[in-house]
Amino acid sequence: MTQQSLIPTICPYCGVGCGLYLAVEDGRAVGVEYMPEHPVNEGALCPKGNAVLEILDHPERLRHPMRRVDGGWRHISWLEALDLVSQKLNEVRRTHGPDALGFLASAKCTNEENYLFQKLARLLGTNNVDHCARLCHAPTVVGLARAFGSGAMTNPIPDLANADCIFIIGSNLAENHAPVARWVLKAKEKGAKVIVADPRLTPTAWLADTFLQIRPGSDVALLNGMMHVIIEEGLIDRVFIAQRTGGYDELTKVVRDYTPDYVAHITGIPPALVVEAARAYGKASSAAIVYCMGITQHTAGSDNVAACADLALICGQVGRPGAGLWPLRGQNNVQGACDMGALAEFYPGYRRVDDPQAAEAFYQAWVSNPGDSTSNLSSEPGLTVVEMMNAAAAGEIKAMYIMGEDPVNSDPNAGHVRQALAALDFLVVQDIFLTDTAQLADVVLPAAAWAEKEGTFTSTGRRVQWIGRAVAPPGEACDDLWIIGQVAQRLGLDLSYSGAAAVLSEINRLVPSYGGITPQRIAESAAVGGLFWPCPRTDHPGTPILHTEAFSTSNGHARLVPVRYTPPAEETSVGFPLVLTTGRVVVHHNAGSMTRRSPSLMERAPELFVEINPTDAAQLGIAEGETVTITTARGETRAKARLTDKVRAGATFMPFHFPGTNQLTIDALDAEAKIPEFKVAAVRLRPGGSTGSPQQSVEGPAEEVSKEE
Ligand code: SF4
């Protein structure tokens, strides 16, 4: 009789980190079983989590290394692929210097894989290593670090149930982080007030007692306005401000100008609602701020996050149950990839690459032969995601190694990204599917998916969880750890480890907040949903709530950092009179490289659409369901029109899961966090356009592969 086993695992999609079981029979995953004992999702899964098997077993999974030959693909051996990749990277490095190389790590890969990948880049002498956190929550790292000294979610997700006011700004969590909405509802059932600020009337907005329909890009004005009211009405926590913060006087000077009337002028929110929201937050005994990319994906992204921190601090709403900031991160391991140093300016553990002490520590740990000139660490911060694309287009970066990312669809100004990647001398892409980016590569390396390997993921709530190997990868696909080690070996670097546990042991030694998250402890903690960092020692229980006694700054006090409203980089004009903002729908994930291959999810959301207010649609002569052309200064695309009051007049919305949306978005950057302003672009719409919608060009031309074999 066939034996079925249930292997515990973590959903590979978003940062909530839901637990589930894979039912495995004869070496094949045959079903998904719920995990009611998991502390975050308690067995619940969103549609993406329910559909994970459709990806694992997908016929388009990459099964062999491939090389581009005469415009087509030829299957090659691992030996040939690895030799070719290392030879090309070495050639570029020797001819043009290490900074002619660029590396994109992956928020879908494990901590151990990201750690090793950035170590490879840095040992080759460049800090040009980054990943998609730059496109979603880099302002969280910058903005919260400015205020608190460290940038991550302060409390566990289930702790939201202990708040008696929840302020959700720039997050459609009911769709995008669905299990989080359950904890908001639990708080609401106990009487909590919910405030939602969003440009759209989203499903999350239906949870709100107070809904603030804000103009895209005006969040700082709203947050300053709420602080203005809270200060005017004496709702601040004077003891907390005096004992635990600095900079209050400077903050008051700035927020003084943000009267409710002035805020209404900038944000479009009636003054009475600004006051109502401020009072609800200011009078709460425990108040939570939940935010997401609606406030981070702006040129003012870091300021938006800093203003959220200021609001929490003046009300003393940090460091207690139900009180703190909950940034909701996108990918399953985007928090961990940041922790592991897959960021251009940070070594693992957020130690700056231009800090001589940090550089010395990693040099001592990593460079076994100090005389070896192949292993010099650079003290210059590297280029970030968008900067790397600009450098590639300018001919300064000559070769790129991309692991598990699809910048052709995920980066802003996608037409420019295509040109940049096409201009490279050499591109290697390591992934589970032949994505649009992989289709531009010279060599494609087939990687194992999450359930086919082992290692740790760190959820948006700083929960580090272990995943074991449930099934074998398809064909000749291999896990990323092995691939990175093999490439490194051919470049003269010893990055061979016996497995993920061995890499984790090195991380334990070099990243203090992971010091006690050892392979043994992480395995033992599976039943309680992993361990929270910081967990500096093996006898440390982990830290579910941050900043309870002191902040992570040099003097232990939080910094109140006043910020002023600045308009988005691109404002509307006669030629581009409407504002486009972008976001997600419940059944799709990020650039869609996985969910667009999932039949059950595609059935529910098969194509790109644009939401338009009926007033604007009438003026433009656009009818419900017709194809429209959307144009910005960077490009144009087509989508189905959805006429809805969910967006206010003058605004439009498109999901970013389909090729096309990021043809339109702008690559203007937040000066510090270097995140692009995905959330605001000036557009014009016209009815009509070819029906050959770009989203139909699903990546992975299997026919092309077989033709060229
Ligand atoms: Fe949970 Fe996110 Fe996976 Fe949905 S996508 S099941 S919310 S981890």
# chains A, B, ... in the order shown; residues from 1 in each chain; ligands from 1
call {"tool": "closest_atom_pairs", "arguments": {"of": "chain A", "to": "ligand 1", "cutoff": "7 Å", "atoms": "only C-alpha atoms and all ligand atoms", "output": "CSV"}}
result
residue,atom,partner,partner_atom_place_in_ligand_line,distance
A:Cys11,CA,ligand 1,3 (Fe),4.5
A:Pro12,CA,ligand 1,3 (Fe),6.3
A:Tyr13,CA,ligand 1,5 (S),4.4
A:Cys14,CA,ligand 1,2 (Fe),3.9
A:Gly15,CA,ligand 1,8 (S),5.9
A:Val16,CA,ligand 1,8 (S),4.6
A:Gly17,CA,ligand 1,8 (S),4.3
A:Cys18,CA,ligand 1,8 (S),4.2
A:Asn41,CA,ligand 1,1 (Fe),6.9
A:Leu45,CA,ligand 1,6 (S),4.0
A:Cys46,CA,ligand 1,4 (Fe),4.1
A:Pro47,CA,ligand 1,4 (Fe),6.5
A:Lys48,CA,ligand 1,5 (S),5.1
A:Gly49,CA,ligand 1,6 (S),3.6
A:Asn50,CA,ligand 1,6 (S),6.7
A:Asn176,CA,ligand 1,7 (S),6.8
A:His177,CA,ligand 1,7 (S),4.6
A:Ala178,CA,ligand 1,7 (S),5.1
A:Pro179,CA,ligand 1,7 (S),5.5
A:Asn332,CA,ligand 1,8 (S),6.7
call {"tool": "write_last_selection", "arguments": {"atoms": "C-alpha atoms", "output": "CSV table (one decimal), in the first residue's frame"}}
result
chain,number,residue,atom,x,y,z
A,11,CYS,CA,4.2,28.9,2.0
A,12,PRO,CA,6.6,30.2,-0.7
A,13,TYR,CA,4.7,33.3,-1.6
A,14,CYS,CA,4.4,36.2,0.9
A,15,GLY,CA,6.1,37.3,4.0
A,16,VAL,CA,3.3,36.3,6.4
A,17,GLY,CA,5.1,32.9,6.5
A,18,CYS,CA,2.1,30.7,6.8
A,41,ASN,CA,-2.2,31.4,10.1
A,45,LEU,CA,-4.3,29.9,3.7
A,46,CYS,CA,-5.0,32.4,1.1
A,47,PRO,CA,-5.7,31.3,-2.5
A,48,LYS,CA,-2.0,31.4,-3.4
A,49,GLY,CA,-1.1,29.2,-0.5
A,50,ASN,CA,-3.8,26.7,-1.4
A,176,ASN,CA,-2.4,40.7,0.1
A,177,HIS,CA,-1.7,39.4,3.6
A,178,ALA,CA,-5.1,37.8,4.2
A,179,PRO,CA,-4.2,35.9,7.5
A,332,ASN,CA,8.3,35.0,1.8
call {"tool": "residues_around", "arguments": {"residues": "Leu664 (chain A)", "least_positions_apart": "2", "cutoff": "10 Å", "atoms": "only C-alpha atoms", "output": "MDAnalysis selection string"}}
result
chainID A and resid 412:415 580 630:637 660:662 666:667 678 681:683
call {"tool": "write_last_selection", "arguments": {"atoms": "N, CA and C atoms", "output": "PDB file, in the first residue's frame"}}
result
ATOM      1  N   PRO A 412      10.723  49.076 -12.217  1.00  0.00           N
ATOM      2  CA  PRO A 412      10.004  50.155 -12.909  1.00  0.00           C
ATOM      3  C   PRO A 412      10.628  50.431 -14.272  1.00  0.00           C
ATOM      4  N   ASN A 413       9.872  51.097 -15.125  1.00  0.00           N
ATOM      5  CA  ASN A 413      10.369  51.491 -16.448  1.00  0.00           C
ATOM      6  C   ASN A 413      10.934  50.262 -17.173  1.00  0.00           C
ATOM      7  N   ALA A 414      10.078  49.261 -17.345  1.00  0.00           N
ATOM      8  CA  ALA A 414      10.511  47.942 -17.814  1.00  0.00           C
ATOM      9  C   ALA A 414      11.188  47.970 -19.190  1.00  0.00           C
ATOM     10  N   GLY A 415      10.770  48.910 -20.030  1.00  0.00           N
ATOM     11  CA  GLY A 415      11.404  48.992 -21.351  1.00  0.00           C
ATOM     12  C   GLY A 415      12.890  49.282 -21.210  1.00  0.00           C
ATOM     13  N   LEU A 580      -1.703  57.341 -11.951  1.00  0.00           N
ATOM     14  CA  LEU A 580      -1.765  55.874 -11.880  1.00  0.00           C
ATOM     15  C   LEU A 580      -1.102  55.426 -10.585  1.00  0.00           C
ATOM     16  N   ILE A 630      -2.969  52.761 -22.118  1.00  0.00           N
ATOM     17  CA  ILE A 630      -2.498  53.623 -21.029  1.00  0.00           C
ATOM     18  C   ILE A 630      -1.078  54.044 -21.387  1.00  0.00           C
ATOM     19  N   THR A 631      -0.823  55.341 -21.331  1.00  0.00           N
ATOM     20  CA  THR A 631       0.473  55.865 -21.772  1.00  0.00           C
ATOM     21  C   THR A 631       1.096  56.739 -20.691  1.00  0.00           C
ATOM     22  N   THR A 632       2.408  56.572 -20.488  1.00  0.00           N
ATOM     23  CA  THR A 632       3.163  57.521 -19.661  1.00  0.00           C
ATOM     24  C   THR A 632       4.341  58.017 -20.489  1.00  0.00           C
ATOM     25  N   ALA A 633       5.166  58.841 -19.878  1.00  0.00           N
ATOM     26  CA  ALA A 633       6.342  59.358 -20.577  1.00  0.00           C
ATOM     27  C   ALA A 633       7.321  58.239 -20.915  1.00  0.00           C
ATOM     28  N   ARG A 634       7.124  57.039 -20.315  1.00  0.00           N
ATOM     29  CA  ARG A 634       8.091  55.960 -20.526  1.00  0.00           C
ATOM     30  C   ARG A 634       7.626  54.873 -21.487  1.00  0.00           C
ATOM     31  N   GLY A 635       6.328  54.777 -21.666  1.00  0.00           N
ATOM     32  CA  GLY A 635       5.864  53.716 -22.545  1.00  0.00           C
ATOM     33  C   GLY A 635       4.364  53.593 -22.489  1.00  0.00           C
ATOM     34  N   GLU A 636       3.849  52.581 -23.170  1.00  0.00           N
ATOM     35  CA  GLU A 636       2.404  52.384 -23.122  1.00  0.00           C
ATOM     36  C   GLU A 636       2.070  50.906 -23.061  1.00  0.00           C
ATOM     37  N   THR A 637       0.861  50.635 -22.589  1.00  0.00           N
ATOM     38  CA  THR A 637       0.400  49.263 -22.526  1.00  0.00           C
ATOM     39  C   THR A 637      -1.124  49.260 -22.645  1.00  0.00           C
ATOM     40  N   GLY A 660       3.490  44.720 -18.536  1.00  0.00           N
ATOM     41  CA  GLY A 660       2.727  45.859 -19.047  1.00  0.00           C
ATOM     42  C   GLY A 660       2.692  46.979 -18.035  1.00  0.00           C
ATOM     43  N   THR A 661       2.315  46.666 -16.784  1.00  0.00           N
ATOM     44  CA  THR A 661       2.176  47.740 -15.789  1.00  0.00           C
ATOM     45  C   THR A 661       3.496  48.476 -15.590  1.00  0.00           C
ATOM     46  N   ASN A 662       4.568  47.715 -15.459  1.00  0.00           N
ATOM     47  CA  ASN A 662       5.840  48.391 -15.186  1.00  0.00           C
ATOM     48  C   ASN A 662       6.499  48.989 -16.431  1.00  0.00           C
ATOM     49  N   ILE A 666       7.624  54.778 -12.969  1.00  0.00           N
ATOM     50  CA  ILE A 666       8.783  55.673 -13.066  1.00  0.00           C
ATOM     51  C   ILE A 666       9.923  55.142 -12.202  1.00  0.00           C
ATOM     52  N   ASP A 667      11.161  55.371 -12.639  1.00  0.00           N
ATOM     53  CA  ASP A 667      12.297  54.900 -11.849  1.00  0.00           C
ATOM     54  C   ASP A 667      12.954  56.019 -11.041  1.00  0.00           C
ATOM     55  N   PHE A 678       6.978  53.497  -7.557  1.00  0.00           N
ATOM     56  CA  PHE A 678       5.986  52.699  -8.280  1.00  0.00           C
ATOM     57  C   PHE A 678       4.567  53.247  -8.117  1.00  0.00           C
ATOM     58  N   ALA A 681       2.401  57.671 -11.016  1.00  0.00           N
ATOM     59  CA  ALA A 681       2.859  58.031 -12.357  1.00  0.00           C
ATOM     60  C   ALA A 681       1.751  58.839 -13.009  1.00  0.00           C
ATOM     61  N   ALA A 682       2.131  59.791 -13.841  1.00  0.00           N
ATOM     62  CA  ALA A 682       1.138  60.579 -14.577  1.00  0.00           C
ATOM     63  C   ALA A 682       0.838  59.850 -15.882  1.00  0.00           C
ATOM     64  N   VAL A 683      -0.455  59.611 -16.145  1.00  0.00           N
ATOM     65  CA  VAL A 683      -0.833  58.807 -17.317  1.00  0.00           C
ATOM     66  C   VAL A 683      -1.925  59.500 -18.129  1.00  0.00           C
TER      67      VAL A 683
END
call {"tool": "residues_around", "arguments": {"residues": "Phe457 (chain A)", "least_positions_apart": "6", "cutoff": "6 Å", "atoms": "only C-alpha atoms", "output": "number ranges by chain"}}
result
A: 110-111, 333, 464-465
call {"tool": "write_last_selection", "arguments": {"atoms": "N, CA, C and O atoms", "output": "short mmCIF file (atom, residue, chain, number, x, y, z; two decimals), in the first residue's frame"}}
result
data_model
loop_
_atom_site.label_atom_id
_atom_site.label_comp_id
_atom_site.auth_asym_id
_atom_site.auth_seq_id
_atom_site.Cartn_x
_atom_site.Cartn_y
_atom_site.Cartn_z
N THR A 110 16.31 30.94 0.36
CA THR A 110 16.48 30.83 1.82
C THR A 110 17.51 31.82 2.34
O THR A 110 18.27 32.43 1.56
N ASN A 111 17.58 31.94 3.64
CA ASN A 111 18.60 32.78 4.26
C ASN A 111 19.99 32.29 3.86
O ASN A 111 20.88 33.09 3.54
N ASN A 333 10.74 35.56 1.91
CA ASN A 333 11.97 35.72 2.68
C ASN A 333 12.64 37.07 2.43
O ASN A 333 13.87 37.18 2.48
N VAL A 464 12.01 33.18 12.34
CA VAL A 464 12.89 32.36 11.51
C VAL A 464 12.37 30.92 11.58
O VAL A 464 12.23 30.36 12.67
N GLN A 465 12.09 30.35 10.41
CA GLN A 465 11.48 29.01 10.37
C GLN A 465 12.26 28.12 9.41
O GLN A 465 12.71 28.55 8.36
#
call {"tool": "closest_atom_pairs", "arguments": {"of": "region 386-502 of chain A", "to": "region 597-620 of chain A", "cutoff": "12 Å", "atoms": "only C-alpha atoms", "output": "JSON lines"}}
result
{"residue": "A:Ile432", "atom": "CA", "partner": "A:Arg597", "partner_atom": "CA", "distance": 11.7}
{"residue": "A:Phe433", "atom": "CA", "partner": "A:Arg597", "partner_atom": "CA", "distance": 9.5}
{"residue": "A:Leu434", "atom": "CA", "partner": "A:Arg597", "partner_atom": "CA", "distance": 11.3}
{"residue": "A:Thr435", "atom": "CA", "partner": "A:Arg597", "partner_atom": "CA", "distance": 10.7}
call {"tool": "write_last_selection", "arguments": {"atoms": "all heavy atoms", "output": "PDB file, in the first residue's frame"}}
result
ATOM      1  N   ILE A 432      13.426  28.910 -11.359  1.00  0.00           N
ATOM      2  CA  ILE A 432      12.659  27.668 -11.526  1.00  0.00           C
ATOM      3  C   ILE A 432      11.864  27.674 -12.825  1.00  0.00           C
ATOM      4  O   ILE A 432      11.407  26.646 -13.277  1.00  0.00           O
ATOM      5  CB  ILE A 432      11.749  27.386 -10.302  1.00  0.00           C
ATOM      6  CG1 ILE A 432      10.668  28.449 -10.139  1.00  0.00           C
ATOM      7  CG2 ILE A 432      12.577  27.281  -9.029  1.00  0.00           C
ATOM      8  CD1 ILE A 432       9.617  28.074  -9.080  1.00  0.00           C
ATOM      9  N   PHE A 433      11.658  28.855 -13.410  1.00  0.00           N
ATOM     10  CA  PHE A 433      10.956  28.964 -14.699  1.00  0.00           C
ATOM     11  C   PHE A 433      11.764  29.826 -15.663  1.00  0.00           C
ATOM     12  O   PHE A 433      12.601  30.631 -15.231  1.00  0.00           O
ATOM     13  CB  PHE A 433       9.581  29.623 -14.514  1.00  0.00           C
ATOM     14  CG  PHE A 433       8.584  28.770 -13.792  1.00  0.00           C
ATOM     15  CD1 PHE A 433       8.066  29.169 -12.565  1.00  0.00           C
ATOM     16  CD2 PHE A 433       8.149  27.567 -14.337  1.00  0.00           C
ATOM     17  CE1 PHE A 433       7.143  28.385 -11.893  1.00  0.00           C
ATOM     18  CE2 PHE A 433       7.225  26.768 -13.673  1.00  0.00           C
ATOM     19  CZ  PHE A 433       6.729  27.175 -12.446  1.00  0.00           C
ATOM     20  N   LEU A 434      11.469  29.688 -16.939  1.00  0.00           N
ATOM     21  CA  LEU A 434      12.096  30.555 -17.939  1.00  0.00           C
ATOM     22  C   LEU A 434      11.306  31.870 -17.958  1.00  0.00           C
ATOM     23  O   LEU A 434      10.426  32.080 -18.785  1.00  0.00           O
ATOM     24  CB  LEU A 434      12.083  29.880 -19.312  1.00  0.00           C
ATOM     25  CG  LEU A 434      12.993  30.520 -20.364  1.00  0.00           C
ATOM     26  CD1 LEU A 434      14.463  30.387 -20.002  1.00  0.00           C
ATOM     27  CD2 LEU A 434      12.732  29.897 -21.732  1.00  0.00           C
ATOM     28  N   THR A 435      11.627  32.732 -17.027  1.00  0.00           N
ATOM     29  CA  THR A 435      10.919  34.008 -16.880  1.00  0.00           C
ATOM     30  C   THR A 435      11.259  34.920 -18.064  1.00  0.00           C
ATOM     31  O   THR A 435      12.157  34.620 -18.860  1.00  0.00           O
ATOM     32  CB  THR A 435      11.367  34.711 -15.589  1.00  0.00           C
ATOM     33  OG1 THR A 435      12.784  34.944 -15.694  1.00  0.00           O
ATOM     34  CG2 THR A 435      11.081  33.873 -14.359  1.00  0.00           C
TER      35      THR A 435
END
call {"tool": "residues_around", "arguments": {"residues": "region 205-219 of chain A", "least_positions_apart": "6", "cutoff": "6 Å", "atoms": "only C-alpha atoms", "output": "JSON, numbers by chain"}}
result
{"A": [194, 195, 196, 197, 198, 199, 267, 568]}
call {"tool": "select_by_dssp", "arguments": {"residues": "region 70-226 of chain A", "states": "helix (DSSP H, G or I)", "output": "ChimeraX atom specification"}}
result
/A:78-96,98-100,111-123,132-135,138-148,157-162,173-176,178-189,205-207,219-226
call {"tool": "closest_residue", "arguments": {"among": "A:Thr140, A:Gln3, A:Gln439, A:Ser86", "to": "Gly72 (chain A)", "atoms": "only C-alpha atoms"}}
result
A:Gln439
call {"tool": "atom_distance", "arguments": {"atom1": "CA of His557 (chain A)", "atom2": "CA of Arg244 (chain A)"}}
result
4.9 Å
